[in-house]
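**Student:** Data file target-v3.txt (compact mmCIF, C-alpha atoms (C1' of nucleotides) and all ligand atoms) is appended below.
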```
# COMPACT_ATOMS: atom_id res chain seq x y z
CA MET A 10 -33.25 70.97 -164.44
CA SER A 11 -36.83 70.41 -165.52
CA ARG A 12 -38.48 73.20 -163.57
CA GLU A 13 -35.78 75.55 -162.47
CA THR A 14 -36.95 78.60 -164.37
CA THR A 15 -39.11 81.25 -162.79
CA SER A 16 -42.17 82.21 -164.79
CA PRO A 17 -42.30 85.61 -166.45
CA ALA A 18 -45.11 86.59 -164.10
CA LEU A 19 -42.91 85.84 -161.11
CA GLN A 20 -40.02 87.77 -162.54
CA ALA A 21 -42.25 90.75 -163.18
CA ALA A 22 -43.53 90.52 -159.65
CA GLU A 23 -40.01 90.49 -158.24
CA LYS A 24 -39.13 93.52 -160.24
CA LEU A 25 -42.27 95.41 -159.25
CA CYS A 26 -41.80 94.68 -155.57
CA ASP A 27 -38.24 95.84 -155.81
CA GLU A 28 -39.31 99.11 -157.34
CA ARG A 29 -41.94 99.72 -154.72
CA GLY A 30 -40.05 98.53 -151.71
CA GLU A 31 -42.54 95.74 -151.11
CA ARG A 32 -41.68 92.21 -150.08
CA LEU A 33 -42.70 89.26 -152.18
CA THR A 34 -42.76 86.80 -149.31
CA PRO A 35 -43.04 83.04 -149.83
CA ILE A 36 -46.76 83.01 -149.20
CA ARG A 37 -47.39 85.86 -151.58
CA ARG A 38 -45.20 84.27 -154.19
CA ARG A 39 -46.94 80.93 -153.78
CA VAL A 40 -50.36 82.47 -154.16
CA LEU A 41 -49.25 84.35 -157.22
CA GLU A 42 -47.93 81.14 -158.72
CA LEU A 43 -51.13 79.27 -157.99
CA VAL A 44 -53.29 81.98 -159.48
CA HIS A 45 -51.18 81.99 -162.61
CA GLU A 46 -51.01 78.24 -162.93
CA ALA A 47 -54.77 77.93 -162.82
CA ASP A 48 -56.35 77.81 -166.24
CA GLY A 49 -59.08 80.22 -165.27
CA PRO A 50 -60.44 82.30 -162.42
CA VAL A 51 -59.62 80.70 -159.11
CA LYS A 52 -61.54 80.87 -155.85
CA ALA A 53 -59.94 81.94 -152.60
CA TYR A 54 -60.94 78.74 -150.84
CA ASP A 55 -59.52 76.62 -153.63
CA LEU A 56 -56.23 78.38 -153.15
CA LEU A 57 -56.61 77.68 -149.49
CA GLU A 58 -57.06 73.98 -150.11
CA THR A 59 -54.08 73.80 -152.39
CA LEU A 60 -52.04 75.78 -149.95
CA LYS A 61 -52.46 73.59 -146.92
CA PRO A 62 -51.01 70.14 -147.22
CA GLY A 63 -49.30 71.16 -143.98
CA PRO A 64 -51.83 70.81 -141.20
CA GLY A 65 -50.92 73.88 -139.18
CA SER A 66 -51.07 76.69 -141.63
CA ALA A 67 -53.25 78.29 -144.29
CA LYS A 68 -56.34 79.78 -142.80
CA PRO A 69 -58.57 82.19 -144.71
CA PRO A 70 -56.76 85.37 -143.66
CA THR A 71 -53.53 83.98 -145.04
CA VAL A 72 -54.83 83.75 -148.56
CA TYR A 73 -56.95 86.88 -148.41
CA ARG A 74 -53.99 88.88 -147.21
CA ALA A 75 -51.84 87.60 -150.02
CA LEU A 76 -54.55 88.32 -152.56
CA GLU A 77 -55.05 91.81 -151.22
CA PHE A 78 -51.35 92.47 -151.58
CA LEU A 79 -51.26 91.15 -155.11
CA LEU A 80 -54.41 93.02 -156.09
CA GLY A 81 -52.86 96.20 -154.76
CA LEU A 82 -49.85 95.69 -156.98
CA GLY A 83 -52.02 94.90 -159.97
CA LEU A 84 -50.51 91.44 -160.29
CA VAL A 85 -53.87 89.79 -159.84
CA HIS A 86 -57.38 90.89 -160.75
CA LYS A 87 -60.59 90.01 -159.00
CA VAL A 88 -63.48 88.87 -161.13
CA GLU A 89 -66.21 90.54 -159.12
CA ALA A 90 -69.08 88.69 -160.70
CA LEU A 91 -67.50 85.34 -159.82
CA ASN A 92 -65.82 86.13 -156.54
CA ALA A 93 -62.70 84.72 -158.13
CA TYR A 94 -59.22 85.83 -159.02
CA VAL A 95 -57.06 85.79 -162.14
CA GLY A 96 -53.42 86.50 -162.69
CA CYS A 97 -52.72 89.65 -164.61
CA SER A 98 -51.63 88.64 -168.07
CA HIS A 99 -49.59 91.74 -168.62
CA SER A 100 -46.02 91.79 -167.56
CA HIS A 101 -46.27 95.25 -166.06
CA SER A 102 -48.47 96.50 -163.29
CA CYS A 103 -51.83 97.13 -164.81
CA GLY A 104 -54.45 99.41 -163.36
CA GLY A 105 -57.94 98.29 -164.13
CA ALA A 106 -58.40 95.70 -166.80
CA GLU A 107 -61.25 94.77 -169.05
CA LEU A 108 -61.89 91.05 -168.75
CA PHE A 109 -63.43 88.64 -171.23
CA ILE A 110 -64.45 85.42 -169.55
CA CYS A 111 -65.57 82.40 -171.54
CA SER A 112 -68.47 80.68 -169.88
CA ASP A 113 -67.59 77.43 -171.63
CA CYS A 114 -63.91 76.89 -171.05
CA GLY A 115 -63.34 79.43 -168.29
CA SER A 116 -60.52 81.15 -170.08
CA VAL A 117 -59.96 84.81 -169.39
CA GLN A 118 -58.57 87.34 -171.81
CA GLU A 119 -57.59 90.77 -170.67
CA CYS A 120 -57.44 94.14 -172.35
CA HIS A 121 -56.61 97.48 -170.96
CA GLY A 122 -56.33 101.07 -171.80
CA ALA A 123 -60.01 100.55 -172.40
CA PRO A 124 -62.03 103.59 -173.39
CA VAL A 125 -64.97 102.20 -171.57
CA SER A 126 -67.55 104.81 -170.90
CA THR A 127 -69.05 107.12 -173.44
CA GLN A 128 -71.77 108.72 -171.41
CA THR A 129 -70.37 109.44 -168.00
CA PRO A 130 -72.97 111.37 -166.02
CA ASP A 131 -72.30 115.04 -165.65
CA GLY A 132 -69.60 115.76 -163.09
CA PHE A 133 -68.90 112.14 -162.21
CA ILE A 134 -65.24 111.37 -161.58
CA ILE A 135 -64.38 107.73 -162.15
CA GLU A 136 -61.79 106.27 -159.80
CA ARG A 137 -62.13 102.59 -160.46
CA SER A 138 -64.00 100.62 -163.09
CA VAL A 139 -65.11 97.02 -163.08
CA VAL A 140 -65.59 95.70 -166.59
CA GLU A 141 -66.30 92.03 -167.09
CA HIS A 142 -67.70 90.47 -170.23
CA PHE A 143 -69.12 86.97 -170.17
CA GLY A 144 -69.68 84.95 -173.27
CA HIS A 145 -67.97 82.49 -175.56
CA CYS A 146 -64.39 82.67 -176.69
CA GLY A 147 -63.18 82.00 -180.21
CA ASN A 148 -62.22 78.43 -179.38
CA CYS A 149 -65.61 77.55 -177.95
CA ARG A 150 -67.78 78.48 -180.87
CA THR A 151 -69.93 75.51 -181.88
CA MET B 11 -104.95 109.92 -149.70
CA SER B 12 -101.35 110.74 -148.92
CA ARG B 13 -99.70 107.61 -150.27
CA GLU B 14 -102.27 105.94 -152.47
CA THR B 15 -100.37 106.20 -155.72
CA THR B 16 -98.22 103.43 -157.04
CA SER B 17 -94.74 104.44 -158.01
CA PRO B 18 -93.78 104.53 -161.69
CA ALA B 19 -91.41 101.65 -161.09
CA LEU B 20 -94.24 99.54 -159.74
CA GLN B 21 -96.49 100.43 -162.61
CA ALA B 22 -93.78 99.52 -165.07
CA ALA B 23 -93.29 96.23 -163.28
CA GLU B 24 -97.00 95.44 -163.46
CA LYS B 25 -97.01 96.14 -167.13
CA LEU B 26 -93.92 94.10 -167.82
CA CYS B 27 -95.22 91.11 -165.89
CA ASP B 28 -98.46 91.32 -167.76
CA GLU B 29 -96.67 91.25 -171.08
CA ARG B 30 -94.57 88.29 -170.10
CA GLY B 31 -97.17 86.26 -168.29
CA GLU B 32 -95.27 86.54 -165.01
CA ARG B 33 -96.81 87.13 -161.64
CA LEU B 34 -95.78 90.10 -159.53
CA THR B 35 -96.66 88.47 -156.23
CA PRO B 36 -96.81 90.43 -152.95
CA ILE B 37 -93.32 89.36 -151.94
CA ARG B 38 -91.84 90.31 -155.25
CA ARG B 39 -93.65 93.61 -155.24
CA ARG B 40 -92.50 94.36 -151.72
CA VAL B 41 -88.87 93.61 -152.53
CA LEU B 42 -89.07 95.78 -155.61
CA GLU B 43 -90.50 98.61 -153.54
CA LEU B 44 -87.81 98.29 -150.91
CA VAL B 45 -85.03 98.28 -153.48
CA HIS B 46 -86.44 101.37 -155.09
CA GLU B 47 -87.06 103.20 -151.84
CA ALA B 48 -83.47 102.72 -150.77
CA ASP B 49 -81.25 105.65 -151.61
CA GLY B 50 -78.46 103.42 -152.86
CA PRO B 51 -77.45 99.84 -153.40
CA VAL B 52 -79.13 97.59 -150.89
CA LYS B 53 -77.91 94.30 -149.43
CA ALA B 54 -79.98 91.15 -149.50
CA TYR B 55 -79.79 90.71 -145.76
CA ASP B 56 -80.89 94.28 -145.16
CA LEU B 57 -83.94 93.59 -147.25
CA LEU B 58 -84.42 90.51 -145.18
CA GLU B 59 -84.36 92.51 -141.94
CA THR B 60 -86.81 95.04 -143.27
CA LEU B 61 -89.01 92.30 -144.57
CA LYS B 62 -89.54 90.37 -141.38
CA PRO B 63 -91.39 92.24 -138.72
CA GLY B 64 -93.60 89.15 -138.87
CA PRO B 65 -91.83 86.40 -136.93
CA GLY B 66 -92.64 83.47 -139.15
CA SER B 67 -91.60 84.53 -142.57
CA ALA B 68 -88.69 86.01 -144.54
CA LYS B 69 -85.80 83.65 -144.64
CA PRO B 70 -82.89 84.12 -147.07
CA PRO B 71 -84.38 82.09 -149.91
CA THR B 72 -87.44 84.31 -149.87
CA VAL B 73 -85.53 87.44 -150.68
CA TYR B 74 -83.05 85.78 -153.01
CA ARG B 75 -85.88 84.26 -155.00
CA ALA B 76 -87.59 87.59 -155.32
CA LEU B 77 -84.34 89.25 -156.36
CA GLU B 78 -83.64 86.57 -158.91
CA PHE B 79 -87.06 87.10 -160.41
CA LEU B 80 -86.62 90.86 -160.54
CA LEU B 81 -83.12 90.57 -161.96
CA GLY B 82 -84.46 88.30 -164.65
CA LEU B 83 -86.98 90.90 -165.65
CA GLY B 84 -84.39 93.65 -165.61
CA LEU B 85 -86.26 95.53 -162.92
CA VAL B 86 -83.33 95.35 -160.56
CA HIS B 87 -79.59 95.27 -161.16
CA LYS B 88 -76.96 93.62 -159.07
CA VAL B 89 -73.86 95.61 -158.23
CA GLU B 90 -71.40 92.76 -158.43
CA ALA B 91 -68.56 94.57 -156.76
CA LEU B 92 -70.71 95.32 -153.72
CA ASN B 93 -72.91 92.27 -153.57
CA ALA B 94 -75.80 94.67 -153.52
CA TYR B 95 -78.85 95.50 -155.58
CA VAL B 96 -80.31 98.63 -157.13
CA GLY B 97 -83.64 99.31 -158.72
CA CYS B 98 -83.51 99.89 -162.44
CA SER B 99 -84.01 103.55 -163.04
CA HIS B 100 -85.45 103.05 -166.50
CA SER B 101 -89.14 102.54 -166.87
CA HIS B 102 -88.72 99.77 -169.38
CA SER B 103 -86.97 96.45 -169.05
CA CYS B 104 -83.31 97.12 -169.47
CA GLY B 105 -80.76 94.58 -170.48
CA GLY B 106 -77.37 95.25 -169.01
CA ALA B 107 -76.75 98.64 -167.57
CA GLU B 108 -73.65 100.69 -167.00
CA LEU B 109 -73.60 101.84 -163.39
CA PHE B 110 -71.91 104.86 -161.82
CA ILE B 111 -71.71 104.50 -158.08
CA CYS B 112 -70.64 107.38 -155.87
CA SER B 113 -68.35 106.21 -153.10
CA ASP B 114 -69.30 109.21 -151.00
CA CYS B 115 -73.08 109.37 -151.05
CA GLY B 116 -73.83 105.92 -152.40
CA SER B 117 -75.99 107.23 -155.21
CA VAL B 118 -76.18 105.20 -158.38
CA GLN B 119 -76.68 106.54 -161.85
CA GLU B 120 -77.42 104.26 -164.74
CA CYS B 121 -76.77 104.45 -168.44
CA HIS B 122 -77.44 101.94 -171.12
CA GLY B 123 -77.09 101.33 -174.77
CA ALA B 124 -73.46 101.45 -173.76
CA PRO B 125 -70.89 100.89 -176.51
CA VAL B 126 -68.60 99.46 -173.95
CA SER B 127 -65.88 97.44 -175.51
CA THR B 128 -63.61 98.57 -178.25
CA GLN B 129 -61.15 95.74 -178.38
CA THR B 130 -63.12 92.55 -178.02
CA PRO B 131 -60.72 89.63 -178.50
CA ASP B 132 -60.96 87.88 -181.80
CA GLY B 133 -64.01 85.65 -182.02
CA PHE B 134 -65.33 86.44 -178.59
CA ILE B 135 -69.11 86.66 -178.38
CA ILE B 136 -70.31 88.75 -175.47
CA GLU B 137 -73.47 87.57 -173.78
CA ARG B 138 -73.51 89.62 -170.64
CA SER B 139 -71.42 92.55 -169.48
CA VAL B 140 -70.83 93.86 -166.01
CA VAL B 141 -69.81 97.50 -166.03
CA GLU B 142 -69.52 99.35 -162.76
CA HIS B 143 -67.74 102.63 -162.24
CA PHE B 144 -66.84 103.82 -158.77
CA GLY B 145 -65.95 107.38 -158.00
CA HIS B 146 -67.48 110.65 -156.97
CA CYS B 147 -70.70 112.09 -158.30
CA GLY B 148 -71.25 115.70 -159.28
CA ASN B 149 -72.84 116.52 -155.94
CA CYS B 150 -69.98 115.14 -153.92
CA ARG B 151 -67.17 117.11 -155.43
CA THR B 152 -65.24 118.93 -152.76
C1' DT C 8 -25.49 94.66 -127.39
C1' DT C 9 -30.12 95.53 -126.15
C1' DC C 10 -34.38 97.89 -127.11
C1' DT C 11 -38.18 98.95 -129.66
C1' DC C 12 -41.07 99.28 -133.43
C1' DG C 13 -43.50 97.67 -137.40
C1' DG C 14 -44.74 94.43 -140.97
C1' DG C 15 -45.94 89.85 -141.88
C1' DT C 16 -47.88 85.85 -140.20
C1' DG C 17 -50.63 82.22 -137.17
C1' DT C 18 -54.92 81.28 -135.15
C1' DA C 19 -59.65 81.31 -133.49
C1' DA C 20 -63.75 83.08 -133.96
C1' DT C 21 -67.31 85.20 -136.41
C1' DA C 22 -69.65 87.91 -140.02
C1' DT C 23 -71.65 88.07 -144.49
C1' DT C 24 -73.52 86.28 -148.67
C1' DA C 25 -75.88 82.59 -151.02
C1' DT C 26 -77.83 77.96 -152.08
C1' DA C 27 -79.67 73.12 -151.47
C1' DA C 28 -83.23 70.22 -150.29
C1' DC C 29 -87.68 69.17 -149.29
C1' DG C 30 -92.43 69.92 -147.97
C1' DT C 31 -96.87 72.56 -148.45
C1' DC C 32 -100.35 75.19 -150.51
C1' DG C 33 -103.44 76.79 -154.06
C1' DC C 34 -104.80 77.11 -158.51
C1' DA C 35 -105.46 75.80 -163.61
C1' DG C 36 -106.45 72.22 -166.69
C1' DT C 37 -108.22 67.70 -167.14
C1' DA D 11 -111.71 64.58 -157.83
C1' DC D 12 -106.93 64.17 -159.81
C1' DT D 13 -102.78 66.07 -161.47
C1' DG D 14 -99.14 69.14 -162.28
C1' DC D 15 -96.84 73.25 -161.52
C1' DG D 16 -95.28 77.51 -159.71
C1' DA D 17 -94.60 80.15 -155.55
C1' DC D 18 -93.55 79.96 -151.03
C1' DG D 19 -92.05 78.25 -146.06
C1' DT D 20 -88.56 76.10 -143.51
C1' DT D 21 -84.29 74.06 -142.13
C1' DA D 22 -79.93 73.47 -142.82
C1' DT D 23 -75.62 74.29 -144.80
C1' DA D 24 -72.28 76.04 -148.17
C1' DA D 25 -69.29 79.60 -149.75
C1' DT D 26 -67.05 83.94 -149.17
C1' DA D 27 -64.76 87.26 -146.21
C1' DT D 28 -63.33 89.86 -142.01
C1' DT D 29 -62.14 90.95 -137.08
C1' DA D 30 -59.26 90.59 -133.34
C1' DC D 31 -55.40 89.39 -131.06
C1' DA D 32 -50.97 87.08 -130.28
C1' DC D 33 -46.40 86.02 -131.96
C1' DC D 34 -42.11 86.37 -134.41
C1' DC D 35 -38.40 88.47 -136.51
C1' DG D 36 -35.47 91.75 -138.50
C1' DA D 37 -34.14 96.86 -139.13
C1' DG D 38 -32.62 100.49 -137.04
C1' DA D 39 -32.02 103.46 -132.63
C1' DA D 40 -29.98 103.86 -128.11
ZN ZN E 1 -53.84 93.07 -165.81
ZN ZN E 2 -63.86 79.19 -174.34
ZN ZN E 3 -81.70 99.42 -165.74
ZN ZN E 4 -72.16 111.43 -154.36
```
Could the structure of this file be written out as structure tokens, please?

**Tutor:**
Amino acid sequence: MSRETTSPALQAAEKLCDERGERLTPIRRRVLELVHEADGPVKAYDLLETLKPGPGSAKPPTVYRALEFLLGLGLVHKVEALNAYVGCSHSHSCGGAELFICSDCGSVQECHGAPVSTQTPDGFIIERSVVEHFGHCGNCRT
Amino acid sequence: MSRETTSPALQAAEKLCDERGERLTPIRRRVLELVHEADGPVKAYDLLETLKPGPGSAKPPTVYRALEFLLGLGLVHKVEALNAYVGCSHSHSCGGAELFICSDCGSVQECHGAPVSTQTPDGFIIERSVVEHFGHCGNCRT
DNA sequence: TTCTCGGGTGTAATATTATAACGTCGCAGT
DNA sequence: ACTGCGACGTTATAATATTACACCCGAGAA
């Protein structure tokens, strides 16, 4: 029984889908696994490659649809500045994360509940924030 | 003499290039103008369309090179989440802006000197931050 | 049972965004 | 004149993402 256990991320996803009446189909589950297994932000077309050792299936819409679903549930975040995707590192559904991406090792750390903006323009109502910090993580200091 | 004057943005660009020993060539100037004239974030390929009423010139690298130059000088910002570009609304070179983009009217407001992150992970050194807020501006409130 | 309806998926095509590679031109310094 | 370099022109292609339409299957209604 070397790899029988489901990862915490998968378990959380199951639970969340249950609560919301959504279906964590095999494709969606597989994409979620792949995103979490990656050691950094992962590109849609890399997922696609990994996903298709069967000749018939896995065209772009397949993976984009799965990603869209997972993004909607907050199980995955998109790194806008990289056109890449990371698994949410929180066990619960997380709305809008602040990401710290190491340019050296590619690791991503995630915070939330971030009090991001001090000087919101007068009358502006924020609906969604993209906050991505690029730099060097603690491990990659020279 | 209806439109003889150079815009403040252009004047600032001239000055900045002077200081840095860079050349604000006609193409670069034109792209900067177009980005500033637009009433919101503008796409590279829209610039390209606007730029080529002459049959020969204006291929993608032309506009991307100009944008890269202008981004480097801080005269233009990229809206990562839209793959689009906005003119910097500050007269000086501005390193890293916080953008507020109205989803209704497309207007962009810019702040900087932003004390963005409260909970930087231990040891993480931030080099560049992307901060983009989407929502509804004061004018677009119902 | 049979029908129908909707969500999820398969598939082909295409749209959009961005870069690589290489050649040319003109100018500054020698 | 020769050289080097930065900006640009040109072609091609890579990388990212969406549209459109057909199919299947399972839940519930008839
Ligand atoms: Zn998260
Ligand atoms: Zn690192
Ligand atoms: Zn600015
Ligand atoms: Zn507005």

**Student:** Could you give me chain B least-squares fitted onto chain A (all C-alpha atoms, paired in order), as a CSV table (one decimal) with C-alpha atoms, keeping the file's coordinate frame?

**Tutor:**
```csv
chain,number,residue,atom,x,y,z
B,11,MET,CA,-33.2,71.1,-164.6
B,12,SER,CA,-36.8,70.6,-165.7
B,13,ARG,CA,-38.5,73.3,-163.7
B,14,GLU,CA,-35.8,75.6,-162.5
B,15,THR,CA,-36.9,78.7,-164.4
B,16,THR,CA,-39.1,81.3,-162.8
B,17,SER,CA,-42.1,82.2,-164.8
B,18,PRO,CA,-42.3,85.6,-166.4
B,19,ALA,CA,-45.1,86.6,-164.1
B,20,LEU,CA,-42.9,85.8,-161.1
B,21,GLN,CA,-40.0,87.8,-162.5
B,22,ALA,CA,-42.3,90.7,-163.2
B,23,ALA,CA,-43.6,90.5,-159.6
B,24,GLU,CA,-40.0,90.5,-158.2
B,25,LYS,CA,-39.2,93.5,-160.2
B,26,LEU,CA,-42.3,95.4,-159.3
B,27,CYS,CA,-41.8,94.7,-155.6
B,28,ASP,CA,-38.3,95.9,-155.8
B,29,GLU,CA,-39.3,99.1,-157.4
B,30,ARG,CA,-42.0,99.7,-154.8
B,31,GLY,CA,-40.1,98.6,-151.7
B,32,GLU,CA,-42.6,95.7,-151.1
B,33,ARG,CA,-41.7,92.2,-150.1
B,34,LEU,CA,-42.7,89.3,-152.2
B,35,THR,CA,-42.8,86.8,-149.3
B,36,PRO,CA,-43.0,83.1,-149.8
B,37,ILE,CA,-46.8,83.0,-149.2
B,38,ARG,CA,-47.4,85.9,-151.6
B,39,ARG,CA,-45.2,84.3,-154.2
B,40,ARG,CA,-46.9,80.9,-153.8
B,41,VAL,CA,-50.4,82.5,-154.1
B,42,LEU,CA,-49.3,84.3,-157.2
B,43,GLU,CA,-47.9,81.1,-158.7
B,44,LEU,CA,-51.1,79.2,-158.0
B,45,VAL,CA,-53.3,82.0,-159.5
B,46,HIS,CA,-51.2,82.0,-162.6
B,47,GLU,CA,-51.0,78.2,-162.9
B,48,ALA,CA,-54.8,77.9,-162.8
B,49,ASP,CA,-56.4,77.8,-166.2
B,50,GLY,CA,-59.1,80.2,-165.2
B,51,PRO,CA,-60.5,82.3,-162.4
B,52,VAL,CA,-59.7,80.7,-159.1
B,53,LYS,CA,-61.6,80.9,-155.8
B,54,ALA,CA,-60.0,81.9,-152.6
B,55,TYR,CA,-61.0,78.8,-150.8
B,56,ASP,CA,-59.6,76.6,-153.6
B,57,LEU,CA,-56.3,78.4,-153.1
B,58,LEU,CA,-56.6,77.7,-149.5
B,59,GLU,CA,-57.1,74.0,-150.1
B,60,THR,CA,-54.1,73.8,-152.4
B,61,LEU,CA,-52.1,75.8,-149.9
B,62,LYS,CA,-52.5,73.6,-146.9
B,63,PRO,CA,-51.0,70.2,-147.2
B,64,GLY,CA,-49.2,71.3,-144.0
B,65,PRO,CA,-51.7,70.9,-141.2
B,66,GLY,CA,-50.8,74.0,-139.2
B,67,SER,CA,-51.0,76.8,-141.6
B,68,ALA,CA,-53.2,78.3,-144.3
B,69,LYS,CA,-56.3,79.8,-142.8
B,70,PRO,CA,-58.6,82.2,-144.7
B,71,PRO,CA,-56.8,85.4,-143.6
B,72,THR,CA,-53.6,84.0,-145.0
B,73,VAL,CA,-54.8,83.7,-148.5
B,74,TYR,CA,-57.0,86.9,-148.4
B,75,ARG,CA,-54.0,88.9,-147.2
B,76,ALA,CA,-51.9,87.6,-150.0
B,77,LEU,CA,-54.6,88.3,-152.5
B,78,GLU,CA,-55.1,91.8,-151.2
B,79,PHE,CA,-51.4,92.5,-151.6
B,80,LEU,CA,-51.3,91.1,-155.1
B,81,LEU,CA,-54.4,93.0,-156.1
B,82,GLY,CA,-52.9,96.2,-154.8
B,83,LEU,CA,-49.9,95.7,-157.0
B,84,GLY,CA,-52.1,94.9,-160.0
B,85,LEU,CA,-50.5,91.4,-160.3
B,86,VAL,CA,-53.9,89.8,-159.8
B,87,HIS,CA,-57.4,90.9,-160.8
B,88,LYS,CA,-60.6,90.0,-159.0
B,89,VAL,CA,-63.5,88.8,-161.1
B,90,GLU,CA,-66.2,90.5,-159.1
B,91,ALA,CA,-69.1,88.7,-160.7
B,92,LEU,CA,-67.5,85.3,-159.8
B,93,ASN,CA,-65.8,86.1,-156.6
B,94,ALA,CA,-62.7,84.7,-158.1
B,95,TYR,CA,-59.2,85.8,-159.0
B,96,VAL,CA,-57.1,85.8,-162.1
B,97,GLY,CA,-53.4,86.5,-162.7
B,98,CYS,CA,-52.7,89.6,-164.6
B,99,SER,CA,-51.6,88.6,-168.1
B,100,HIS,CA,-49.6,91.7,-168.6
B,101,SER,CA,-46.0,91.8,-167.5
B,102,HIS,CA,-46.3,95.2,-166.1
B,103,SER,CA,-48.5,96.5,-163.3
B,104,CYS,CA,-51.8,97.1,-164.8
B,105,GLY,CA,-54.4,99.4,-163.4
B,106,GLY,CA,-57.9,98.3,-164.1
B,107,ALA,CA,-58.4,95.7,-166.8
B,108,GLU,CA,-61.2,94.7,-169.1
B,109,LEU,CA,-61.9,91.0,-168.8
B,110,PHE,CA,-63.4,88.6,-171.2
B,111,ILE,CA,-64.5,85.4,-169.6
B,112,CYS,CA,-65.6,82.4,-171.5
B,113,SER,CA,-68.5,80.7,-169.9
B,114,ASP,CA,-67.6,77.4,-171.6
B,115,CYS,CA,-63.9,76.9,-171.0
B,116,GLY,CA,-63.4,79.4,-168.3
B,117,SER,CA,-60.5,81.1,-170.1
B,118,VAL,CA,-60.0,84.8,-169.4
B,119,GLN,CA,-58.6,87.3,-171.8
B,120,GLU,CA,-57.6,90.7,-170.7
B,121,CYS,CA,-57.4,94.1,-172.4
B,122,HIS,CA,-56.6,97.4,-171.0
B,123,GLY,CA,-56.2,101.0,-171.9
B,124,ALA,CA,-59.9,100.6,-172.3
B,125,PRO,CA,-61.9,103.6,-173.4
B,126,VAL,CA,-64.9,102.2,-171.6
B,127,SER,CA,-67.5,104.8,-170.9
B,128,THR,CA,-69.0,107.1,-173.4
B,129,GLN,CA,-71.7,108.7,-171.4
B,130,THR,CA,-70.3,109.4,-168.0
B,131,PRO,CA,-72.9,111.4,-166.0
B,132,ASP,CA,-72.2,115.0,-165.6
B,133,GLY,CA,-69.5,115.7,-163.0
B,134,PHE,CA,-68.8,112.1,-162.2
B,135,ILE,CA,-65.2,111.3,-161.6
B,136,ILE,CA,-64.3,107.7,-162.1
B,137,GLU,CA,-61.8,106.2,-159.8
B,138,ARG,CA,-62.1,102.5,-160.4
B,139,SER,CA,-64.0,100.6,-163.1
B,140,VAL,CA,-65.1,97.0,-163.1
B,141,VAL,CA,-65.6,95.7,-166.6
B,142,GLU,CA,-66.3,92.0,-167.1
B,143,HIS,CA,-67.7,90.5,-170.2
B,144,PHE,CA,-69.1,87.0,-170.2
B,145,GLY,CA,-69.7,84.9,-173.3
B,146,HIS,CA,-68.0,82.5,-175.6
B,147,CYS,CA,-64.4,82.7,-176.7
B,148,GLY,CA,-63.2,82.0,-180.2
B,149,ASN,CA,-62.2,78.4,-179.4
B,150,CYS,CA,-65.6,77.6,-178.0
B,151,ARG,CA,-67.7,78.5,-180.9
B,152,THR,CA,-69.9,75.6,-181.9
```

**Student:** Residues within 12 Å of Phe143 of chain A, please, as number ranges by chain. Count all atoms listed in the file; anything in the same chain fewer than 3 positions from it doesn't count.

**Tutor:** A: 88-91, 107-118, 140, 146; B: 106, 130, 134-141

**Student:** Pick out the residues sitting within 12 Å of DT23 of chain D, and hand them over as a compact mmCIF listing (two decimals) with C-alpha atoms (C1' of nucleotides), in the coordinates of the input; count all atoms listed in the file, and ignore anything fewer than 5 positions along from it in its own chain.

**Tutor:**
```
# COMPACT_ATOMS: atom_id res chain seq x y z
C1' DA C 25 -75.88 82.59 -151.02
C1' DT C 26 -77.83 77.96 -152.08
C1' DA C 27 -79.67 73.12 -151.47
C1' DA C 28 -83.23 70.22 -150.29
```

**Student:** Please extract the residues at most 8 Å from ligand ZN 1 (chain E), counting all atoms listed in the file, and provide them as a list in words, using the chain letters and residue numbers of this document.

**Tutor:** Gly83, Leu84, Val85, His86, Gly96, Cys97, Ser98, His99, His101, Ser102, Cys103, Gly104, Gly105, Ala106, Glu119, Cys120 and His121 of chain A

**Student:** So that I can see what lies close to Glu46 of chain A, please list as number ranges by chain the residues with an atom at most 12 Å from it, counting only C-alpha atoms (C1' of nucleotides) and leaving out residues fewer than 5 positions away in the same chain.

**Tutor:** A: 16-19, 39-41, 51, 56, 59, 94-98

**Student:** Could the residues of chain D within 10 Å of chain B, counting all atoms listed in the file, be given as a PyMOL selection string, please?

**Tutor:** chain D and resi 16-20

**Student:** What is the distance, in Å and to one decimal place, between atom C1' of DC35 of chain D and atom C1' of DT16 of chain C?

**Tutor:** 10.5 Å

**Student:** Pull out every residue of chain B sitting within 10 Å of chain C, counting only C-alpha atoms (C1' of nucleotides), and send them as number ranges by chain.

**Tutor:** B: 53-55, 70-71, 74, 93-94

**Student:** Check the smallest atom-to-atom distance from each of A:Thr151, A:Gly144, A:Lys24, A:Val72 to chain B using all atoms listed in the file, then report the winner.

**Tutor:**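 Of all the options, A:Gly144 lies closest to chain B.
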
**Student:** Quote the spacing between atom CA of Gln20 of chain A and atom CA of Glu42 of chain A in Å to one decimal place.

**Tutor:**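 These atoms are spaced 11.0 Å apart.
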
**Student:** Have a look at B:His146, B:Gln129, B:Arg151, B:Leu83 and name the one nearest to ligand ZN 3 (chain E); count all atoms listed in the file.

**Tutor:** B:Leu83

**Student:** In Å, rounded to a single decimal, give me how far atom CA of Glu78 of chain B is from atom CA of Arg30 of chain B.

**Tutor:** 15.7 Å

**Student:** Taking all atoms listed in the file into account, which of A:Glu23, A:Glu31, A:Glu141, A:Glu58 comes nearest chain B?

**Tutor:**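 Looking at the shortest contact to chain B, the residue is A:Glu141.
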
**Student:** To test the calculation: enclose all listed atoms of segment 44-49 of chain B in a box whose edges run along x, y and z, add 3 Å on each side, then state centre and edge lengths in Å to one decimal, as AutoDock Vina command-line options.

**Tutor:**
```
--center_x -84.5 --center_y 102.0 --center_z -152.9 --size_x 12.6 --size_y 13.4 --size_z 10.3
```
